[in-house]
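Engineer: Structure incoming, see below.
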Amino acid sequence: MTTTPPQQPRVDARIAALCGPGKDVVRPSAVFVLNKEDGDDDAAIIVCERKASTLQFYRSQGAGNTVATLDDSLTLTDVDGFFPISDTAFAYQKGQDVKLYDFATKETSDVCTLPARASEVCITYSVDAGATVACFQPDERCKDAPLVLPCEPAAKTLLAHRPLAGWATVCVVPETAERLTIASDGRLCAYAVMTNVIPEEAERGEVVICRLAPAATPHQARRVTADAGRVGEVVFTHDSTAILYTANYSEKRPITTHCPLFACPIKSALMATTDDDRILLSPQQTHVQQLVQGVASSSILITLIEGVAERSLYLADWRHPEQAAELLAPATTPCVAVTAGDDTRRLCFISESHRRYPHVVCVDAAKGSVAREVDLPHDAEFDDIRVDIVSYTSHDDTAMEMLHCYTAETKADASLLVHAHGGPAVAFTAHRTAAASNVRYPYRQLLKSGYRVIMPLFRGTLGYGDKFAQANIGCQGRHDSDLGDILAAIQAMRKSGFAFEDRIGIFGGSYGGYMTLRSLAITDTFKAGVAMYGFVHGRFMSLEGGDFTWEVTWEDEYVGKQAWPITDATIDSDVFHQLGNITAPTLLLHGDEDDICLKSSSLVAYRALHTRGIPTGCIIYPGEGHGFENPVYQRDRDLRLLKWFLAHVPPTPA
């Protein structure tokens, strides 16, 4: 469905080229190191960037501090999966075929052909066992079958493939099993079994470990956790002595309680019925951004978010978290060893910050000091983009932060656009790529058009401790809560001398889509808004979508237990009954297959505004879920968002 006003401002071709995928900053997902025996300074570093279905590789020239694109023979297209498995090798999936590439020999070999309906494919490799592949195979269902509620329990089959032995059935697992991972020796796997078939905001579940032996009996698949609350990443240590996972063990507040990192010894995981032997590896109220399996024995690398800043800790042995060494540069991708001598171990990874684009860093693991840096290529188009971390005080004197994005050419009187982030209980990092790249909520076409963009980290955001994350409970979208934090951020920008006057727009997705509509409904601050896959009525969304954390967690955790008749307190934060107050031009974007915030919210909001003659539009993208993945639709989204603000909130005074 597409309904928009006929007037569409023209967009300069150079700026239109920044809408959707295309010209971008290199954002690698893996690092490889060759010729390590020649010494650190001569080791060739290869980084891999994945864009949709294409793998692009870049390689440093000897000890040089920049990397160049490899020849076309190592640019892989039509790739469905990418699996770094060692310092010098990776596996990739093309259709149903899995192949292995070795940089040292420059050879490609066939690993296996995946079974039909394979999902959650993961691969590991060892010299002794070769490549081990595991995957889930959901039960086959008829596409034309009716929806029957309550749903009958379904299942998946856990399959494993080994050289010579081929594919074998390991065991049957629940339909909600996901996040499959394999130990480096290929003997064990682990996964999370989620509480609900419907995707939950709370992501409640339990961690399970299983031997990758054919025809595993039920007792061979064991729960590692009990009442884990929200669960996140699951990996093994390199030597398979422990399983590592993030969880918050919170029954009442799984959404707004941070998830620290735990280790459970493998022997305990395979034999015990409780997780009493778990070891806490990270601070309780800190968000674990990334967990990297170590490059040798029992080592691991943890990247934490504190506020919007990242810091990485290297644990030479997971059994001794008190001996963690903090690295002078944070790691944002999987790391590998550059050297592993008797006296030192150097790690190589991608790092970035709000000042610097992604680059390769090699550090001394024991000291945390930087030994070598290698720059990655990026188009000069992005040289003038800036990101600042701004501290300010909210309406009740609470200390706050926001990200301020602009270019070297942005004028002091440029119009201000506010990005209301989603979640709300999610963490954010201060990365320069957030302003320059084709990310989930791109800014670059806005910045290059002359706008100034801020993203307030309002109360409810993760990374600032549990108290801050829970500070908008019972008061979402209110002047004395998170909405007040947004308005205070605008005032802080005014006090800093930015003369945008009343030329202010707001946009966001998910909770940010809700916050956009809420802000337009109960304030007169914003001249226009763009709400992407938001919601207008919390109770209705819970019942329509089936995420019962919105029933017993969102409403219990944020508002109160579900009760009938609906009370004023229950709907105090909703937008539905206030849609009649919106007078500012409002554009709504939604995915046709969104199963979290269903498209009905955008359709209801559009019709409520359209029938009152408010400038509005609604775009429903076919096949898209909670966010837009199709490159064609990403470009369309970026252009529509830009044109909406050009029409209703010009970037500079008339």
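Each chain in the structure tokens gets a letter, A, B, ..., in the order shown, and its residues are numbered from 1; ligands are numbered from 1 in order too.
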Residues of stretch 222-288 of chain A within 12 Å of stretch 191-199 of chain A: nearest atom pair and distance (Å, one decimal) for each, counting only C-alpha atoms, sorted by chain and number, as a Markdown table?
Structural biologist:
| residue | atom | partner | partner_atom | distance |
| --- | --- | --- | --- | --- |
| A:Arg222 | CA | A:Tyr191 | CA | 10.5 |
| A:Arg223 | CA | A:Val193 | CA | 9.2 |
| A:Val224 | CA | A:Ala192 | CA | 9.6 |
| A:Thr225 | CA | A:Ala192 | CA | 9.8 |
| A:Ala226 | CA | A:Val193 | CA | 11.5 |
| A:Asp227 | CA | A:Thr195 | CA | 10.4 |
| A:Ala228 | CA | A:Ala192 | CA | 10.4 |
| A:Gly229 | CA | A:Thr195 | CA | 9.4 |
| A:Arg230 | CA | A:Met194 | CA | 9.2 |
| A:Val231 | CA | A:Ala192 | CA | 7.6 |
| A:Gly232 | CA | A:Ala192 | CA | 8.4 |
| A:Glu233 | CA | A:Ala192 | CA | 8.8 |
| A:Val234 | CA | A:Tyr191 | CA | 6.9 |
| A:Val235 | CA | A:Tyr191 | CA | 8.9 |
| A:Phe236 | CA | A:Tyr191 | CA | 10.9 |
| A:Ile243 | CA | A:Tyr191 | CA | 10.5 |
| A:Leu244 | CA | A:Tyr191 | CA | 11.2 |
| A:Tyr245 | CA | A:Ala192 | CA | 9.7 |
| A:Thr246 | CA | A:Ala192 | CA | 10.9 |
| A:Ala247 | CA | A:Ala192 | CA | 10.9 |
Engineer: Atoms to include: N, CA, C and O atoms. Write the selected residues as a PDB file, in the first residue's frame.
Structural biologist:
ATOM      1  N   ARG A 222      21.195 -31.361  27.636  1.00  0.00           N
ATOM      2  CA  ARG A 222      20.959 -30.917  29.004  1.00  0.00           C
ATOM      3  C   ARG A 222      20.840 -29.396  29.076  1.00  0.00           C
ATOM      4  O   ARG A 222      21.553 -28.678  28.374  1.00  0.00           O
ATOM      5  N   ARG A 223      19.979 -28.946  29.957  1.00  0.00           N
ATOM      6  CA  ARG A 223      19.873 -27.515  30.202  1.00  0.00           C
ATOM      7  C   ARG A 223      21.070 -27.053  31.018  1.00  0.00           C
ATOM      8  O   ARG A 223      21.392 -27.624  32.048  1.00  0.00           O
ATOM      9  N   VAL A 224      21.695 -25.991  30.547  1.00  0.00           N
ATOM     10  CA  VAL A 224      22.817 -25.398  31.268  1.00  0.00           C
ATOM     11  C   VAL A 224      22.299 -24.420  32.314  1.00  0.00           C
ATOM     12  O   VAL A 224      22.923 -24.208  33.347  1.00  0.00           O
ATOM     13  N   THR A 225      21.143 -23.811  32.044  1.00  0.00           N
ATOM     14  CA  THR A 225      20.592 -22.790  32.935  1.00  0.00           C
ATOM     15  C   THR A 225      19.240 -23.211  33.489  1.00  0.00           C
ATOM     16  O   THR A 225      18.587 -24.113  32.963  1.00  0.00           O
ATOM     17  N   ALA A 226      18.839 -22.534  34.538  1.00  0.00           N
ATOM     18  CA  ALA A 226      17.504 -22.689  35.113  1.00  0.00           C
ATOM     19  C   ALA A 226      16.988 -21.304  35.453  1.00  0.00           C
ATOM     20  O   ALA A 226      17.649 -20.554  36.172  1.00  0.00           O
ATOM     21  N   ASP A 227      15.842 -20.945  34.882  1.00  0.00           N
ATOM     22  CA  ASP A 227      15.253 -19.613  35.102  1.00  0.00           C
ATOM     23  C   ASP A 227      16.236 -18.510  34.725  1.00  0.00           C
ATOM     24  O   ASP A 227      16.496 -17.582  35.497  1.00  0.00           O
ATOM     25  N   ALA A 228      16.770 -18.598  33.510  1.00  0.00           N
ATOM     26  CA  ALA A 228      17.821 -17.677  33.072  1.00  0.00           C
ATOM     27  C   ALA A 228      17.303 -16.289  32.740  1.00  0.00           C
ATOM     28  O   ALA A 228      18.094 -15.356  32.574  1.00  0.00           O
ATOM     29  N   GLY A 229      15.976 -16.131  32.594  1.00  0.00           N
ATOM     30  CA  GLY A 229      15.458 -14.822  32.188  1.00  0.00           C
ATOM     31  C   GLY A 229      15.816 -14.540  30.737  1.00  0.00           C
ATOM     32  O   GLY A 229      15.671 -15.403  29.867  1.00  0.00           O
ATOM     33  N   ARG A 230      16.309 -13.343  30.484  1.00  0.00           N
ATOM     34  CA  ARG A 230      16.707 -12.971  29.126  1.00  0.00           C
ATOM     35  C   ARG A 230      18.049 -13.610  28.806  1.00  0.00           C
ATOM     36  O   ARG A 230      18.994 -13.530  29.592  1.00  0.00           O
ATOM     37  N   VAL A 231      18.157 -14.261  27.650  1.00  0.00           N
ATOM     38  CA  VAL A 231      19.414 -14.889  27.237  1.00  0.00           C
ATOM     39  C   VAL A 231      19.891 -14.255  25.941  1.00  0.00           C
ATOM     40  O   VAL A 231      19.096 -13.810  25.115  1.00  0.00           O
ATOM     41  N   GLY A 232      21.206 -14.210  25.785  1.00  0.00           N
ATOM     42  CA  GLY A 232      21.797 -13.598  24.598  1.00  0.00           C
ATOM     43  C   GLY A 232      22.727 -14.552  23.891  1.00  0.00           C
ATOM     44  O   GLY A 232      22.370 -15.687  23.572  1.00  0.00           O
ATOM     45  N   GLU A 233      23.960 -14.103  23.687  1.00  0.00           N
ATOM     46  CA  GLU A 233      24.923 -14.873  22.905  1.00  0.00           C
ATOM     47  C   GLU A 233      25.366 -16.122  23.657  1.00  0.00           C
ATOM     48  O   GLU A 233      25.445 -16.138  24.887  1.00  0.00           O
ATOM     49  N   VAL A 234      25.663 -17.187  22.896  1.00  0.00           N
ATOM     50  CA  VAL A 234      26.140 -18.451  23.457  1.00  0.00           C
ATOM     51  C   VAL A 234      27.331 -18.918  22.635  1.00  0.00           C
ATOM     52  O   VAL A 234      27.228 -19.048  21.409  1.00  0.00           O
ATOM     53  N   VAL A 235      28.488 -19.159  23.274  1.00  0.00           N
ATOM     54  CA  VAL A 235      29.671 -19.690  22.580  1.00  0.00           C
ATOM     55  C   VAL A 235      30.421 -20.616  23.527  1.00  0.00           C
ATOM     56  O   VAL A 235      30.170 -20.640  24.733  1.00  0.00           O
ATOM     57  N   PHE A 236      31.375 -21.369  22.963  1.00  0.00           N
ATOM     58  CA  PHE A 236      32.276 -22.198  23.757  1.00  0.00           C
ATOM     59  C   PHE A 236      33.643 -21.527  23.836  1.00  0.00           C
ATOM     60  O   PHE A 236      34.012 -20.738  22.962  1.00  0.00           O
ATOM     61  N   ILE A 243      31.229 -23.315  28.584  1.00  0.00           N
ATOM     62  CA  ILE A 243      30.253 -22.679  27.708  1.00  0.00           C
ATOM     63  C   ILE A 243      29.999 -21.281  28.266  1.00  0.00           C
ATOM     64  O   ILE A 243      29.854 -21.098  29.483  1.00  0.00           O
ATOM     65  N   LEU A 244      30.004 -20.288  27.400  1.00  0.00           N
ATOM     66  CA  LEU A 244      29.855 -18.894  27.787  1.00  0.00           C
ATOM     67  C   LEU A 244      28.510 -18.378  27.291  1.00  0.00           C
ATOM     68  O   LEU A 244      28.121 -18.654  26.159  1.00  0.00           O
ATOM     69  N   TYR A 245      27.818 -17.611  28.102  1.00  0.00           N
ATOM     70  CA  TYR A 245      26.509 -17.101  27.694  1.00  0.00           C
ATOM     71  C   TYR A 245      26.192 -15.838  28.493  1.00  0.00           C
ATOM     72  O   TYR A 245      26.721 -15.611  29.588  1.00  0.00           O
ATOM     73  N   THR A 246      25.307 -15.007  27.929  1.00  0.00           N
ATOM     74  CA  THR A 246      24.810 -13.847  28.651  1.00  0.00           C
ATOM     75  C   THR A 246      23.364 -14.109  29.061  1.00  0.00           C
ATOM     76  O   THR A 246      22.577 -14.669  28.292  1.00  0.00           O
ATOM     77  N   ALA A 247      23.023 -13.717  30.272  1.00  0.00           N
ATOM     78  CA  ALA A 247      21.671 -13.903  30.807  1.00  0.00           C
ATOM     79  C   ALA A 247      21.510 -12.983  32.007  1.00  0.00           C
ATOM     80  O   ALA A 247      22.501 -12.573  32.623  1.00  0.00           O
TER      81      ALA A 247
END
Engineer: Out of A:Pro456, A:Gly484, A:Pro115, A:Pro150, which residue has the shortest atom-to-atom distance to A:Gly166 when counting only C-alpha atoms?
Structural biologist: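 Once distances to A:Gly166 are computed over only C-alpha atoms, the minimum belongs to A:Pro115.
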Engineer: For A:Arg432, which residue among A:Arg459, A:Ile490, A:His359, A:Gly613 is the nearest when counting only C-alpha atoms?
Structural biologist: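 Looking at the shortest contact to A:Arg432, the residue is A:His359.
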Engineer: Among stretch 163-279 of chain A, which ones does DSSP place in strand (DSSP E or B), written as a ChimeraX atom specification?
Structural biologist: /A:166-174,177-182,188-194,204-211,221-223,230-236,242-247,261-265,279
